[in-house]
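Visitor: So here's protein.txt (compact mmCIF, C-alpha atoms (C1' of nucleotides)).
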# COMPACT_ATOMS: atom_id res chain seq x y z
CA MET H 1 0.00 0.00 0.00
CA LYS H 2 1.33 3.40 -0.95
CA THR H 3 1.96 5.90 1.81
CA ILE H 4 0.32 9.29 1.95
CA GLN H 5 3.72 10.81 1.28
CA HIS H 6 4.17 8.72 -1.82
CA ILE H 7 0.72 9.67 -3.10
CA ALA H 8 1.35 13.34 -2.35
CA ARG H 9 4.60 13.17 -4.29
CA GLU H 10 2.87 11.54 -7.24
CA ILE H 11 0.22 14.25 -7.33
CA SER H 12 2.79 16.98 -7.05
CA ALA H 13 4.92 15.40 -9.76
CA SER H 14 1.96 15.68 -12.11
CA GLY H 15 1.93 19.42 -11.58
CA LEU H 16 -1.15 19.39 -9.38
CA LYS H 17 -1.70 20.89 -5.98
CA VAL H 18 -1.75 18.36 -3.17
CA THR H 19 -5.13 18.57 -1.48
CA PRO H 20 -6.61 16.30 1.20
CA GLN H 21 -9.39 15.43 -1.23
CA ARG H 22 -7.01 14.25 -3.92
CA VAL H 23 -4.90 12.23 -1.53
CA ALA H 24 -7.95 10.61 -0.01
CA VAL H 25 -9.41 9.73 -3.40
CA MET H 26 -6.15 8.10 -4.39
CA GLN H 27 -6.09 6.12 -1.15
CA ALA H 28 -9.67 4.99 -1.70
CA LEU H 29 -8.79 3.89 -5.23
CA HIS H 30 -5.97 1.74 -3.89
CA LYS H 31 -8.20 0.25 -1.23
CA LEU H 32 -11.30 -0.48 -3.31
CA ASN H 33 -11.56 -2.76 -6.33
CA HIS H 34 -12.56 -0.79 -9.41
CA PRO H 35 -14.95 1.42 -7.51
CA ARG H 36 -17.53 3.70 -9.01
CA ALA H 37 -17.48 7.38 -8.10
CA GLU H 38 -20.21 6.90 -5.53
CA GLU H 39 -18.26 4.23 -3.65
CA ILE H 40 -15.24 6.48 -3.56
CA PHE H 41 -17.38 9.29 -2.25
CA ASN H 42 -18.73 7.07 0.53
CA GLU H 43 -15.24 5.89 1.45
CA VAL H 44 -13.67 9.33 1.42
CA SER H 45 -16.55 11.10 3.19
CA GLY H 46 -15.40 9.41 6.36
CA SER H 47 -12.07 11.16 6.45
CA ILE H 48 -13.19 14.36 4.74
CA PRO H 49 -16.45 15.62 6.24
CA GLY H 50 -18.31 17.99 3.98
CA LEU H 51 -16.86 16.44 0.87
CA SER H 52 -18.87 17.18 -2.24
CA PRO H 53 -19.66 14.49 -4.81
CA THR H 54 -18.73 17.02 -7.45
CA THR H 55 -15.24 17.12 -6.02
CA VAL H 56 -14.90 13.38 -6.37
CA TYR H 57 -15.85 13.59 -10.03
CA ASN H 58 -13.48 16.52 -10.53
CA VAL H 59 -10.58 14.76 -8.88
CA LEU H 60 -11.17 11.53 -10.78
CA ASP H 61 -11.32 13.38 -14.08
CA ILE H 62 -8.15 15.28 -13.38
CA LEU H 63 -6.21 12.25 -12.18
CA ALA H 64 -7.36 10.30 -15.22
CA GLY H 65 -6.35 13.19 -17.46
CA LYS H 66 -2.84 13.03 -15.99
CA GLY H 67 -2.71 9.29 -16.53
CA MET H 68 -2.42 8.57 -12.82
CA ILE H 69 -5.56 6.45 -12.83
CA LYS H 70 -7.71 4.83 -15.50
CA LYS H 71 -11.35 4.92 -16.33
CA VAL H 72 -12.95 1.55 -16.81
CA LYS H 73 -16.16 1.25 -18.75
CA THR H 74 -18.64 -1.45 -17.83
CA ASP H 75 -21.66 -2.74 -19.68
CA SER H 76 -24.01 -1.27 -17.11
CA GLY H 77 -22.89 2.15 -18.30
CA VAL H 78 -21.48 3.32 -15.00
CA MET H 79 -17.91 4.53 -15.01
CA ARG H 80 -15.46 2.75 -12.73
CA TYR H 81 -11.97 3.74 -11.77
CA ASP H 82 -8.68 1.94 -11.47
CA ALA H 83 -5.64 3.07 -9.52
CA VAL H 84 -3.36 0.81 -11.51
CA SER H 85 -1.83 2.80 -14.32
CA ASP H 86 0.52 0.13 -15.64
CA HIS H 87 -0.64 -1.41 -18.89
CA HIS H 88 -3.18 -4.09 -18.24
CA HIS H 89 -6.51 -5.48 -19.33
CA HIS H 90 -9.74 -6.38 -17.58
CA MET H 91 -11.75 -9.48 -16.82
CA TYR H 92 -15.47 -8.84 -16.68
CA CYS H 93 -18.01 -11.14 -15.09
CA ILE H 94 -20.92 -11.78 -17.42
CA ASP H 95 -23.36 -12.25 -14.57
CA THR H 96 -22.28 -9.64 -12.04
CA ASP H 97 -20.55 -6.29 -12.23
CA ARG H 98 -17.28 -7.67 -10.95
CA VAL H 99 -14.14 -6.47 -12.71
CA GLU H 100 -10.57 -7.62 -12.15
CA ASP H 101 -7.24 -6.54 -13.56
CA PHE H 102 -5.41 -8.80 -15.97
CA PHE H 103 -1.68 -8.44 -16.52
CA ASP H 104 0.02 -10.38 -19.28
CA PRO H 105 3.20 -8.95 -20.77
CA GLU H 106 3.65 -12.04 -22.93
CA LEU H 107 0.28 -11.50 -24.57
CA ASP H 108 0.98 -7.79 -24.95
CA MET H 109 4.13 -8.71 -26.81
CA ILE H 110 2.27 -11.07 -29.12
CA LEU H 111 -0.30 -8.38 -29.92
CA GLN H 112 2.38 -5.76 -30.44
CA ASN H 113 4.23 -7.98 -32.89
CA TYR H 114 1.03 -8.88 -34.67
CA PHE H 115 0.00 -5.29 -35.27
CA GLN H 116 3.53 -4.30 -36.22
CA LYS H 117 3.34 -6.64 -39.17
CA LYS H 118 -0.32 -6.18 -39.96
CA LYS H 119 -1.10 -2.47 -40.14
CA ILE H 120 -4.73 -1.37 -40.14
CA GLU H 121 -5.58 0.70 -43.19
CA GLY H 122 -6.51 4.27 -42.29
CA PHE H 123 -6.05 3.85 -38.56
CA LYS H 124 -3.08 4.67 -36.36
CA LEU H 125 -3.21 2.19 -33.51
CA GLU H 126 -2.00 3.56 -30.18
CA ASP H 127 -3.28 1.19 -27.54
CA ILE H 128 -4.94 -2.20 -27.27
CA LYS H 129 -7.32 -3.04 -24.48
CA LEU H 130 -8.68 -6.54 -24.01
CA GLN H 131 -12.04 -7.12 -22.43
CA LEU H 132 -12.07 -10.69 -21.18
CA MET H 133 -15.66 -11.69 -20.68
CA GLY H 134 -16.48 -14.73 -18.60
CA LYS H 135 -17.33 -16.08 -15.20
CA PHE H 136 -15.35 -16.10 -12.00
CA ASP H 137 -15.28 -19.41 -10.13
CA GLU H 138 -17.90 -19.73 -7.44
CA SER H 139 -15.21 -20.43 -4.87
CA GLU H 140 -13.71 -17.09 -5.73
CA LYS H 141 -16.96 -15.32 -4.95
CA SER H 142 -15.79 -14.04 -1.61
CA LYS H 143 -13.16 -11.96 -3.35
CA SER H 144 -15.76 -9.96 -5.24
CA ILE H 145 -16.76 -6.52 -4.14
CA MET V 1 -28.84 -4.41 -47.21
CA LYS V 2 -31.19 -6.90 -45.64
CA THR V 3 -34.77 -6.92 -46.81
CA ILE V 4 -37.68 -6.33 -44.50
CA GLN V 5 -38.67 -9.93 -45.04
CA HIS V 6 -35.25 -11.13 -43.98
CA ILE V 7 -35.32 -9.00 -40.85
CA ALA V 8 -38.84 -10.18 -40.03
CA ARG V 9 -37.71 -13.76 -40.36
CA GLU V 10 -34.74 -13.13 -38.07
CA ILE V 11 -36.94 -11.60 -35.41
CA SER V 12 -39.43 -14.41 -35.66
CA ALA V 13 -36.68 -17.01 -35.49
CA SER V 14 -35.63 -15.56 -32.16
CA GLY V 15 -39.07 -16.28 -30.78
CA LEU V 16 -40.18 -12.66 -30.84
CA LYS V 17 -43.26 -11.11 -32.34
CA VAL V 18 -42.62 -9.18 -35.52
CA THR V 19 -43.66 -5.59 -34.92
CA PRO V 20 -43.13 -2.56 -37.15
CA GLN V 21 -41.06 -0.98 -34.40
CA ARG V 22 -38.67 -3.90 -34.20
CA VAL V 23 -38.26 -4.15 -37.94
CA ALA V 24 -37.64 -0.41 -38.25
CA VAL V 25 -35.08 -0.41 -35.45
CA MET V 26 -33.21 -3.24 -37.15
CA GLN V 27 -33.26 -1.35 -40.44
CA ALA V 28 -31.96 1.78 -38.75
CA LEU V 29 -29.18 -0.23 -37.16
CA HIS V 30 -28.10 -1.50 -40.55
CA LYS V 31 -28.22 1.96 -42.03
CA LEU V 32 -26.43 3.91 -39.29
CA ASN V 33 -22.88 3.42 -38.01
CA HIS V 34 -22.92 2.38 -34.35
CA PRO V 35 -25.77 4.72 -33.50
CA ARG V 36 -26.88 5.68 -30.06
CA ALA V 37 -30.48 5.08 -29.04
CA GLU V 38 -31.41 8.66 -29.75
CA GLU V 39 -30.16 8.52 -33.33
CA ILE V 40 -32.16 5.37 -33.89
CA PHE V 41 -35.21 7.05 -32.45
CA ASN V 42 -34.79 10.01 -34.81
CA GLU V 43 -34.34 7.72 -37.79
CA VAL V 44 -37.26 5.45 -36.96
CA SER V 45 -39.64 8.24 -35.97
CA GLY V 46 -39.94 9.07 -39.65
CA SER V 47 -41.50 5.79 -40.59
CA ILE V 48 -43.30 5.17 -37.31
CA PRO V 49 -45.13 8.29 -36.15
CA GLY V 50 -45.91 8.30 -32.46
CA LEU V 51 -42.95 6.10 -31.67
CA SER V 52 -41.88 6.29 -28.06
CA PRO V 53 -38.24 6.54 -27.03
CA THR V 54 -38.99 3.91 -24.42
CA THR V 55 -39.87 1.50 -27.18
CA VAL V 56 -36.52 2.05 -28.84
CA TYR V 57 -34.74 1.22 -25.59
CA ASN V 58 -36.99 -1.80 -25.08
CA VAL V 59 -36.41 -3.12 -28.57
CA LEU V 60 -32.66 -2.60 -28.38
CA ASP V 61 -32.47 -4.40 -25.06
CA ILE V 62 -34.51 -7.32 -26.30
CA LEU V 63 -32.60 -7.67 -29.56
CA ALA V 64 -29.31 -7.49 -27.66
CA GLY V 65 -30.57 -10.10 -25.22
CA LYS V 66 -31.30 -12.43 -28.12
CA GLY V 67 -27.85 -11.80 -29.55
CA MET V 68 -29.20 -10.25 -32.74
CA ILE V 69 -27.34 -7.00 -32.11
CA LYS V 70 -24.55 -5.90 -29.83
CA LYS V 71 -24.13 -3.16 -27.31
CA VAL V 72 -20.97 -1.12 -27.72
CA LYS V 73 -19.63 0.79 -24.79
CA THR V 74 -17.81 4.07 -25.39
CA ASP V 75 -15.72 6.17 -23.06
CA SER V 76 -18.26 8.97 -23.10
CA GLY V 77 -20.58 6.62 -21.28
CA VAL V 78 -23.34 6.57 -23.87
CA MET V 79 -24.38 3.18 -25.13
CA ARG V 80 -24.11 2.52 -28.84
CA TYR V 81 -25.51 -0.32 -30.87
CA ASP V 82 -24.20 -2.56 -33.58
CA ALA V 83 -26.25 -4.60 -36.03
CA VAL V 84 -23.31 -6.84 -36.80
CA SER V 85 -23.57 -9.91 -34.65
CA ASP V 86 -20.64 -11.82 -36.13
CA HIS V 87 -17.61 -11.89 -33.87
CA HIS V 88 -15.62 -8.72 -34.27
CA HIS V 89 -13.82 -6.00 -32.39
CA HIS V 90 -13.90 -2.22 -32.40
CA MET V 91 -11.62 0.63 -33.32
CA TYR V 92 -12.15 3.72 -31.21
CA CYS V 93 -10.98 7.19 -32.10
CA ILE V 94 -9.15 8.79 -29.19
CA ASP V 95 -10.21 12.29 -30.23
CA THR V 96 -13.76 11.83 -31.45
CA ASP V 97 -16.56 9.41 -30.70
CA ARG V 98 -16.09 7.53 -33.94
CA VAL V 99 -16.27 3.75 -33.72
CA GLU V 100 -15.64 1.25 -36.49
CA ASP V 101 -15.89 -2.52 -36.68
CA PHE V 102 -12.74 -4.59 -36.90
CA PHE V 103 -12.83 -8.12 -38.26
CA ASP V 104 -9.76 -10.33 -38.00
CA PRO V 105 -10.28 -14.09 -37.90
CA GLU V 106 -6.52 -14.67 -37.93
CA LEU V 107 -6.07 -12.65 -34.77
CA ASP V 108 -9.07 -14.36 -33.18
CA MET V 109 -7.40 -17.68 -33.87
CA ILE V 110 -4.15 -16.52 -32.28
CA LEU V 111 -5.98 -15.37 -29.18
CA GLN V 112 -8.02 -18.54 -29.01
CA ASN V 113 -4.88 -20.67 -29.15
CA TYR V 114 -3.13 -18.51 -26.61
CA PHE V 115 -5.90 -18.81 -24.04
CA GLN V 116 -6.33 -22.51 -24.72
CA LYS V 117 -2.79 -23.09 -23.52
CA LYS V 118 -2.72 -20.44 -20.85
CA LYS V 119 -5.77 -20.77 -18.63
CA ILE V 120 -6.64 -17.94 -16.28
CA GLU V 121 -6.84 -19.11 -12.68
CA GLY V 122 -10.34 -18.78 -11.27
CA PHE V 123 -11.92 -17.39 -14.40
CA LYS V 124 -13.81 -19.17 -17.17
CA LEU V 125 -13.15 -17.15 -20.31
CA GLU V 126 -16.06 -17.02 -22.73
CA ASP V 127 -15.35 -14.15 -25.05
CA ILE V 128 -12.56 -11.75 -25.93
CA LYS V 129 -13.24 -8.24 -27.12
CA LEU V 130 -10.47 -5.98 -28.33
CA GLN V 131 -10.72 -2.25 -28.02
CA LEU V 132 -8.31 -0.77 -30.52
CA MET V 133 -7.64 2.81 -29.48
CA GLY V 134 -6.10 5.20 -31.95
CA LYS V 135 -6.70 7.79 -34.60
CA PHE V 136 -8.36 7.54 -37.96
CA ASP V 137 -6.50 9.15 -40.84
CA GLU V 138 -7.55 12.71 -41.59
CA SER V 139 -8.37 11.73 -45.16
CA GLU V 140 -10.79 9.23 -43.76
CA LYS V 141 -12.62 11.91 -41.86
CA SER V 142 -15.48 12.08 -44.32
CA LYS V 143 -16.40 8.54 -43.44
CA SER V 144 -17.06 9.43 -39.83
CA ILE V 145 -20.50 9.93 -38.45
C1' DT W 1 5.70 34.40 8.29
C1' DT W 2 2.31 36.67 5.79
C1' DC W 3 0.30 37.77 1.53
C1' DC W 4 -1.46 36.79 -2.86
C1' DT W 5 -3.51 34.48 -6.62
C1' DA W 6 -4.48 30.86 -9.48
C1' DA W 7 -6.18 26.48 -8.61
C1' DA W 8 -9.35 23.75 -6.31
C1' DA W 9 -13.56 22.62 -3.65
C1' DT W 10 -18.29 23.37 -2.73
C1' DG W 11 -23.35 23.09 -3.32
C1' DG W 12 -27.27 23.47 -5.65
C1' DA W 13 -29.37 23.32 -9.88
C1' DA W 14 -29.45 21.37 -14.52
C1' DT W 15 -28.89 17.82 -17.87
C1' DA W 16 -28.82 13.62 -20.38
C1' DA W 17 -29.51 8.90 -20.75
C1' DT W 18 -32.11 5.47 -19.21
C1' DT W 19 -35.63 2.93 -16.51
C1' DA W 20 -40.15 2.03 -14.08
C1' DC W 21 -44.73 1.30 -14.43
C1' DA W 22 -49.56 1.29 -15.37
C1' DA W 23 -52.67 1.61 -19.17
C1' DA W 24 -53.68 0.88 -24.04
C1' DT W 25 -52.76 -1.65 -28.11
C1' DT W 26 -51.59 -5.55 -31.05
C1' DA W 27 -49.41 -9.94 -33.16
C1' DG W 28 -50.40 -14.16 -34.04
C1' DA W 29 -52.07 -18.65 -32.20
C1' DA W 30 -56.37 -21.16 -31.61
C1' DT C 1 -62.84 -13.94 -35.49
C1' DT C 2 -61.55 -14.14 -30.86
C1' DC C 3 -58.38 -14.09 -27.16
C1' DT C 4 -54.41 -13.28 -24.50
C1' DA C 5 -49.87 -12.72 -23.61
C1' DA C 6 -46.60 -9.84 -25.56
C1' DT C 7 -45.63 -5.34 -26.86
C1' DT C 8 -45.95 -0.37 -27.07
C1' DT C 9 -46.91 3.95 -25.13
C1' DG C 10 -46.45 8.09 -22.16
C1' DT C 11 -45.41 10.09 -18.17
C1' DA C 12 -42.85 10.29 -14.28
C1' DA C 13 -38.82 8.97 -11.80
C1' DT C 14 -34.09 7.83 -11.34
C1' DT C 15 -29.26 7.84 -11.79
C1' DA C 16 -24.91 9.32 -13.01
C1' DT C 17 -22.79 13.17 -14.17
C1' DT C 18 -21.89 18.07 -15.36
C1' DC C 19 -22.41 23.14 -14.95
C1' DC C 20 -21.45 27.21 -12.73
C1' DA C 21 -21.15 30.86 -9.43
C1' DT C 22 -19.17 31.34 -5.01
C1' DT C 23 -15.99 30.25 -1.41
C1' DT C 24 -11.84 28.28 0.14
C1' DT C 25 -7.06 26.90 -0.10
C1' DA C 26 -2.22 25.35 -1.55
C1' DG C 27 1.93 26.88 -2.23
C1' DG C 28 5.00 30.32 -4.32
C1' DA C 29 6.60 35.18 -3.67
C1' DA C 30 7.60 39.12 -0.79
For the structure just supplied, provide its representation as structure tokens.

Guide:
Amino acid sequence: MKTIQHIAREISASGLKVTPQRVAVMQALHKLNHPRAEEIFNEVSGSIPGLSPTTVYNVLDILAGKGMIKKVKTDSGVMRYDAVSDHHHHMYCIDTDRVEDFFDPELDMILQNYFQKKKIEGFKLEDIKLQLMGKFDESEKSKSI
Amino acid sequence: MKTIQHIAREISASGLKVTPQRVAVMQALHKLNHPRAEEIFNEVSGSIPGLSPTTVYNVLDILAGKGMIKKVKTDSGVMRYDAVSDHHHHMYCIDTDRVEDFFDPELDMILQNYFQKKKIEGFKLEDIKLQLMGKFDESEKSKSI
DNA sequence: TTCCTAAAATGGAATAATTACAAATTAGAA
DNA sequence: TTCTAATTTGTAATTATTCCATTTTAGGAA
């Protein structure tokens, strides 16, 4: 888990002012699993009384704009957020709204090689995201949020 | 372009009643490029006076549920729809909301082989969707919607 | 340390997409 | 032709999110 100091340094390094709201949102993002804005608001409200939902949306937008966090789209249409900024993909549960990160450098390499050879006409590819759709094992249920 | 008769047969084959609204929505989906519900409503309103937006949402949900069409999620958060039900992926423009289909059976085969060998612990993979993020060539601009 | 100002947070209202639901209509089987 | 479950309609409600004017604050300069 990242320390408050580490988070503060990250925010500062992105040219942003370090505010309690931003630090707390980052902490909540690390603690929760792909939370929606509302969940972050609930989590952060505890430590920051008087927090406005608008602020949460603002902070999330700004952090995402700086590449510090990622927006994750789900089929339900609600935006979810991800503190992990390293390149990765997502596993989506077909039945629930559970989302998990999926890291696979080997696969990334395969895809990179593939698209290096096979250019797409009229399109400059910059990033590939995989959406792995499926079902998590029942025994894994307890891990879901 | 599919005929009305063909569309009617498709709908019927899915165990649904053939209504003018459903046929018209399917036609609009074939005509438009990844439209949002509102665009479909505008298109279909012409041929079906008194059409309700609710009906468009209903029809889209039901057709998607039967696998006749697909829902396409965009980063803006608005749902878009796709008449093409064959397995394919999507190219997203980073700057605009343009979306295009991407077919690549060779790549699908590579991915299928890869995940046959390399199982994901605790997750039963059922489908892989690629989101290709990038930019369409300027000269291609006219094709955008 | 205090001051200053642009940046950030707040709150309440507005918006946009979508859903809920009860009533009216209709496709298509009998 | 009749009947009924399926479908459509319309209005209201909801939900996530954004807008914007005002207030507050972080952090650099004096």

Visitor: Set out as CSV a contact list for chain H and chain W with a cut-off of 8 Å, giving each residue of chain H that qualifies its closest atom pair and distance in Å to one decimal, counting all atoms listed in the file, ordered by chain and rising residue number.

Guide:
residue,atom,partner,partner_atom,distance
H:Lys17,CA,W:DA7,C1',7.6
H:Leu51,CA,W:DT10,C1',7.9
H:Ser52,CA,W:DT10,C1',6.2
H:Thr54,CA,W:DT10,C1',7.9
H:Thr55,CA,W:DA9,C1',6.2

Visitor: Using 10 Å as the limit and counting all atoms listed in the file, can you tabulate each residue of chain C that touches chain H, with its shortest atom-to-atom distance in Å and the two atoms involved, as CSV?

Guide:
residue,atom,partner,partner_atom,distance
C:DT15,C1',H:Val78,CA,9.6
C:DA16,C1',H:Val78,CA,7.2
C:DT17,C1',H:Tyr57,CA,8.1
C:DT18,C1',H:Thr54,CA,8.6
C:DT25,C1',H:Thr19,CA,8.7
C:DA26,C1',H:Lys17,CA,6.3
C:DG27,C1',H:Lys17,CA,7.9

Visitor: With all Cα atoms paired residue by residue, do a least-squares superposition of chain V on chain H and hand back the transformed coordinates as a compact mmCIF listing (two decimals) with C-alpha atoms, keeping the file's coordinate frame.

Guide:
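Now in part.txt:
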# COMPACT_ATOMS: atom_id res chain seq x y z
CA MET V 1 -0.04 0.09 0.07
CA LYS V 2 1.33 3.45 -0.94
CA THR V 3 2.01 5.97 1.78
CA ILE V 4 0.37 9.35 1.88
CA GLN V 5 3.75 10.87 1.20
CA HIS V 6 4.18 8.75 -1.90
CA ILE V 7 0.75 9.70 -3.19
CA ALA V 8 1.40 13.37 -2.47
CA ARG V 9 4.62 13.18 -4.41
CA GLU V 10 2.86 11.53 -7.35
CA ILE V 11 0.22 14.23 -7.45
CA SER V 12 2.80 16.96 -7.21
CA ALA V 13 4.90 15.36 -9.93
CA SER V 14 1.93 15.62 -12.26
CA GLY V 15 1.89 19.36 -11.78
CA LEU V 16 -1.16 19.35 -9.55
CA LYS V 17 -1.67 20.89 -6.15
CA VAL V 18 -1.71 18.39 -3.32
CA THR V 19 -5.08 18.63 -1.62
CA PRO V 20 -6.55 16.39 1.07
CA GLN V 21 -9.35 15.47 -1.31
CA ARG V 22 -6.99 14.28 -4.00
CA VAL V 23 -4.86 12.29 -1.61
CA ALA V 24 -7.92 10.66 -0.05
CA VAL V 25 -9.40 9.76 -3.42
CA MET V 26 -6.13 8.11 -4.43
CA GLN V 27 -6.06 6.17 -1.17
CA ALA V 28 -9.64 5.03 -1.69
CA LEU V 29 -8.78 3.90 -5.19
CA HIS V 30 -5.96 1.76 -3.86
CA LYS V 31 -8.17 0.30 -1.18
CA LEU V 32 -11.28 -0.47 -3.25
CA ASN V 33 -11.58 -2.79 -6.25
CA HIS V 34 -12.56 -0.81 -9.36
CA PRO V 35 -14.96 1.40 -7.44
CA ARG V 36 -17.53 3.67 -8.93
CA ALA V 37 -17.48 7.36 -8.05
CA GLU V 38 -20.17 6.91 -5.46
CA GLU V 39 -18.23 4.24 -3.57
CA ILE V 40 -15.21 6.50 -3.52
CA PHE V 41 -17.34 9.32 -2.22
CA ASN V 42 -18.68 7.13 0.59
CA GLU V 43 -15.19 5.97 1.50
CA VAL V 44 -13.62 9.42 1.42
CA SER V 45 -16.48 11.18 3.19
CA GLY V 46 -15.30 9.54 6.39
CA SER V 47 -11.98 11.28 6.43
CA ILE V 48 -13.10 14.47 4.71
CA PRO V 49 -16.34 15.76 6.22
CA GLY V 50 -18.23 18.11 3.95
CA LEU V 51 -16.79 16.52 0.85
CA SER V 52 -18.83 17.21 -2.25
CA PRO V 53 -19.63 14.51 -4.80
CA THR V 54 -18.70 17.02 -7.47
CA THR V 55 -15.20 17.13 -6.08
CA VAL V 56 -14.88 13.37 -6.38
CA TYR V 57 -15.86 13.56 -10.04
CA ASN V 58 -13.49 16.48 -10.58
CA VAL V 59 -10.58 14.73 -8.93
CA LEU V 60 -11.19 11.49 -10.80
CA ASP V 61 -11.35 13.31 -14.11
CA ILE V 62 -8.17 15.23 -13.44
CA LEU V 63 -6.23 12.20 -12.23
CA ALA V 64 -7.41 10.22 -15.25
CA GLY V 65 -6.40 13.08 -17.53
CA LYS V 66 -2.90 12.97 -16.07
CA GLY V 67 -2.77 9.22 -16.56
CA MET V 68 -2.44 8.51 -12.85
CA ILE V 69 -5.58 6.38 -12.83
CA LYS V 70 -7.74 4.77 -15.46
CA LYS V 71 -11.40 4.86 -16.30
CA VAL V 72 -12.99 1.46 -16.75
CA LYS V 73 -16.15 1.16 -18.73
CA THR V 74 -18.69 -1.50 -17.79
CA ASP V 75 -21.72 -2.76 -19.65
CA SER V 76 -24.06 -1.33 -17.04
CA GLY V 77 -22.94 2.08 -18.19
CA VAL V 78 -21.52 3.26 -14.89
CA MET V 79 -17.95 4.44 -14.93
CA ARG V 80 -15.49 2.68 -12.67
CA TYR V 81 -11.98 3.68 -11.73
CA ASP V 82 -8.69 1.90 -11.44
CA ALA V 83 -5.65 3.05 -9.49
CA VAL V 84 -3.38 0.77 -11.47
CA SER V 85 -1.85 2.76 -14.26
CA ASP V 86 0.50 0.08 -15.57
CA HIS V 87 -0.65 -1.45 -18.83
CA HIS V 88 -3.20 -4.14 -18.17
CA HIS V 89 -6.52 -5.52 -19.27
CA HIS V 90 -9.76 -6.42 -17.54
CA MET V 91 -11.78 -9.52 -16.80
CA TYR V 92 -15.50 -8.89 -16.68
CA CYS V 93 -18.04 -11.19 -15.11
CA ILE V 94 -20.94 -11.83 -17.47
CA ASP V 95 -23.39 -12.30 -14.61
CA THR V 96 -22.31 -9.71 -12.06
CA ASP V 97 -20.57 -6.36 -12.22
CA ARG V 98 -17.31 -7.76 -10.94
CA VAL V 99 -14.17 -6.54 -12.69
CA GLU V 100 -10.61 -7.70 -12.12
CA ASP V 101 -7.28 -6.61 -13.52
CA PHE V 102 -5.44 -8.86 -15.93
CA PHE V 103 -1.71 -8.50 -16.47
CA ASP V 104 0.00 -10.43 -19.25
CA PRO V 105 3.19 -8.97 -20.72
CA GLU V 106 3.64 -12.04 -22.92
CA LEU V 107 0.27 -11.50 -24.56
CA ASP V 108 0.98 -7.78 -24.90
CA MET V 109 4.15 -8.66 -26.75
CA ILE V 110 2.29 -11.00 -29.09
CA LEU V 111 -0.26 -8.32 -29.87
CA GLN V 112 2.41 -5.69 -30.34
CA ASN V 113 4.26 -7.88 -32.83
CA TYR V 114 1.07 -8.77 -34.63
CA PHE V 115 0.06 -5.16 -35.18
CA GLN V 116 3.59 -4.15 -36.10
CA LYS V 117 3.41 -6.47 -39.09
CA LYS V 118 -0.23 -5.99 -39.89
CA LYS V 119 -1.04 -2.29 -40.05
CA ILE V 120 -4.66 -1.20 -40.04
CA GLU V 121 -5.50 0.91 -43.08
CA GLY V 122 -6.44 4.45 -42.12
CA PHE V 123 -6.01 4.01 -38.40
CA LYS V 124 -3.03 4.81 -36.19
CA LEU V 125 -3.16 2.30 -33.35
CA GLU V 126 -1.98 3.64 -30.01
CA ASP V 127 -3.27 1.23 -27.42
CA ILE V 128 -4.92 -2.16 -27.18
CA LYS V 129 -7.31 -3.03 -24.40
CA LEU V 130 -8.68 -6.52 -23.97
CA GLN V 131 -12.04 -7.12 -22.40
CA LEU V 132 -12.06 -10.70 -21.19
CA MET V 133 -15.68 -11.71 -20.71
CA GLY V 134 -16.49 -14.76 -18.66
CA LYS V 135 -17.35 -16.13 -15.27
CA PHE V 136 -15.38 -16.19 -12.07
CA ASP V 137 -15.32 -19.50 -10.23
CA GLU V 138 -17.97 -19.86 -7.56
CA SER V 139 -15.29 -20.54 -4.97
CA GLU V 140 -13.82 -17.20 -5.83
CA LYS V 141 -17.06 -15.46 -5.06
CA SER V 142 -15.90 -14.20 -1.70
CA LYS V 143 -13.30 -12.10 -3.43
CA SER V 144 -15.90 -10.12 -5.31
CA ILE V 145 -16.98 -6.69 -4.29

Visitor: Identify all chain H residues at most 8 Å from chain V by counting all atoms listed in the file; ligands do not count. Present them as an mmCIF file with C-alpha atoms, keeping the file's coordinate frame.

Guide:
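In the end it all went to out.cif:
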data_model
loop_
_atom_site.group_PDB
_atom_site.id
_atom_site.type_symbol
_atom_site.label_atom_id
_atom_site.label_comp_id
_atom_site.auth_asym_id
_atom_site.auth_seq_id
_atom_site.Cartn_x
_atom_site.Cartn_y
_atom_site.Cartn_z
ATOM 1 C CA LYS H 73 -16.160 1.250 -18.750
ATOM 2 C CA THR H 74 -18.640 -1.450 -17.830
ATOM 3 C CA ASP H 75 -21.660 -2.740 -19.680
ATOM 4 C CA GLY H 77 -22.890 2.150 -18.300
ATOM 5 C CA VAL H 78 -21.480 3.320 -15.000
ATOM 6 C CA MET H 79 -17.910 4.530 -15.010
ATOM 7 C CA GLY H 122 -6.510 4.270 -42.290
ATOM 8 C CA PHE H 123 -6.050 3.850 -38.560
ATOM 9 C CA LYS H 124 -3.080 4.670 -36.360
ATOM 10 C CA LEU H 125 -3.210 2.190 -33.510
ATOM 11 C CA GLU H 126 -2.000 3.560 -30.180
ATOM 12 C CA ASP H 127 -3.280 1.190 -27.540
ATOM 13 C CA ILE H 128 -4.940 -2.200 -27.270
ATOM 14 C CA LYS H 129 -7.320 -3.040 -24.480
ATOM 15 C CA LEU H 130 -8.680 -6.540 -24.010
ATOM 16 C CA GLN H 131 -12.040 -7.120 -22.430
ATOM 17 C CA LEU H 132 -12.070 -10.690 -21.180
ATOM 18 C CA MET H 133 -15.660 -11.690 -20.680
ATOM 19 C CA GLY H 134 -16.480 -14.730 -18.600
ATOM 20 C CA LYS H 135 -17.330 -16.080 -15.200
ATOM 21 C CA PHE H 136 -15.350 -16.100 -12.000
ATOM 22 C CA ASP H 137 -15.280 -19.410 -10.130
ATOM 23 C CA GLU H 140 -13.710 -17.090 -5.730
#

Visitor: Between atom CA of Leu32 of chain V and atom CA of Ala13 of chain V, measure the distance and give it in Å to one decimal.

Guide: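 The value is 23.6 Å.
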
Visitor: Could you tell me how far atom CA of Gln27 of chain V lies from atom CA of Asp108 of chain V, in Å and to one decimal?

Guide: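 Straight-line distance from atom CA of Gln27 of chain V to atom CA of Asp108 of chain V works out to 28.4 Å.
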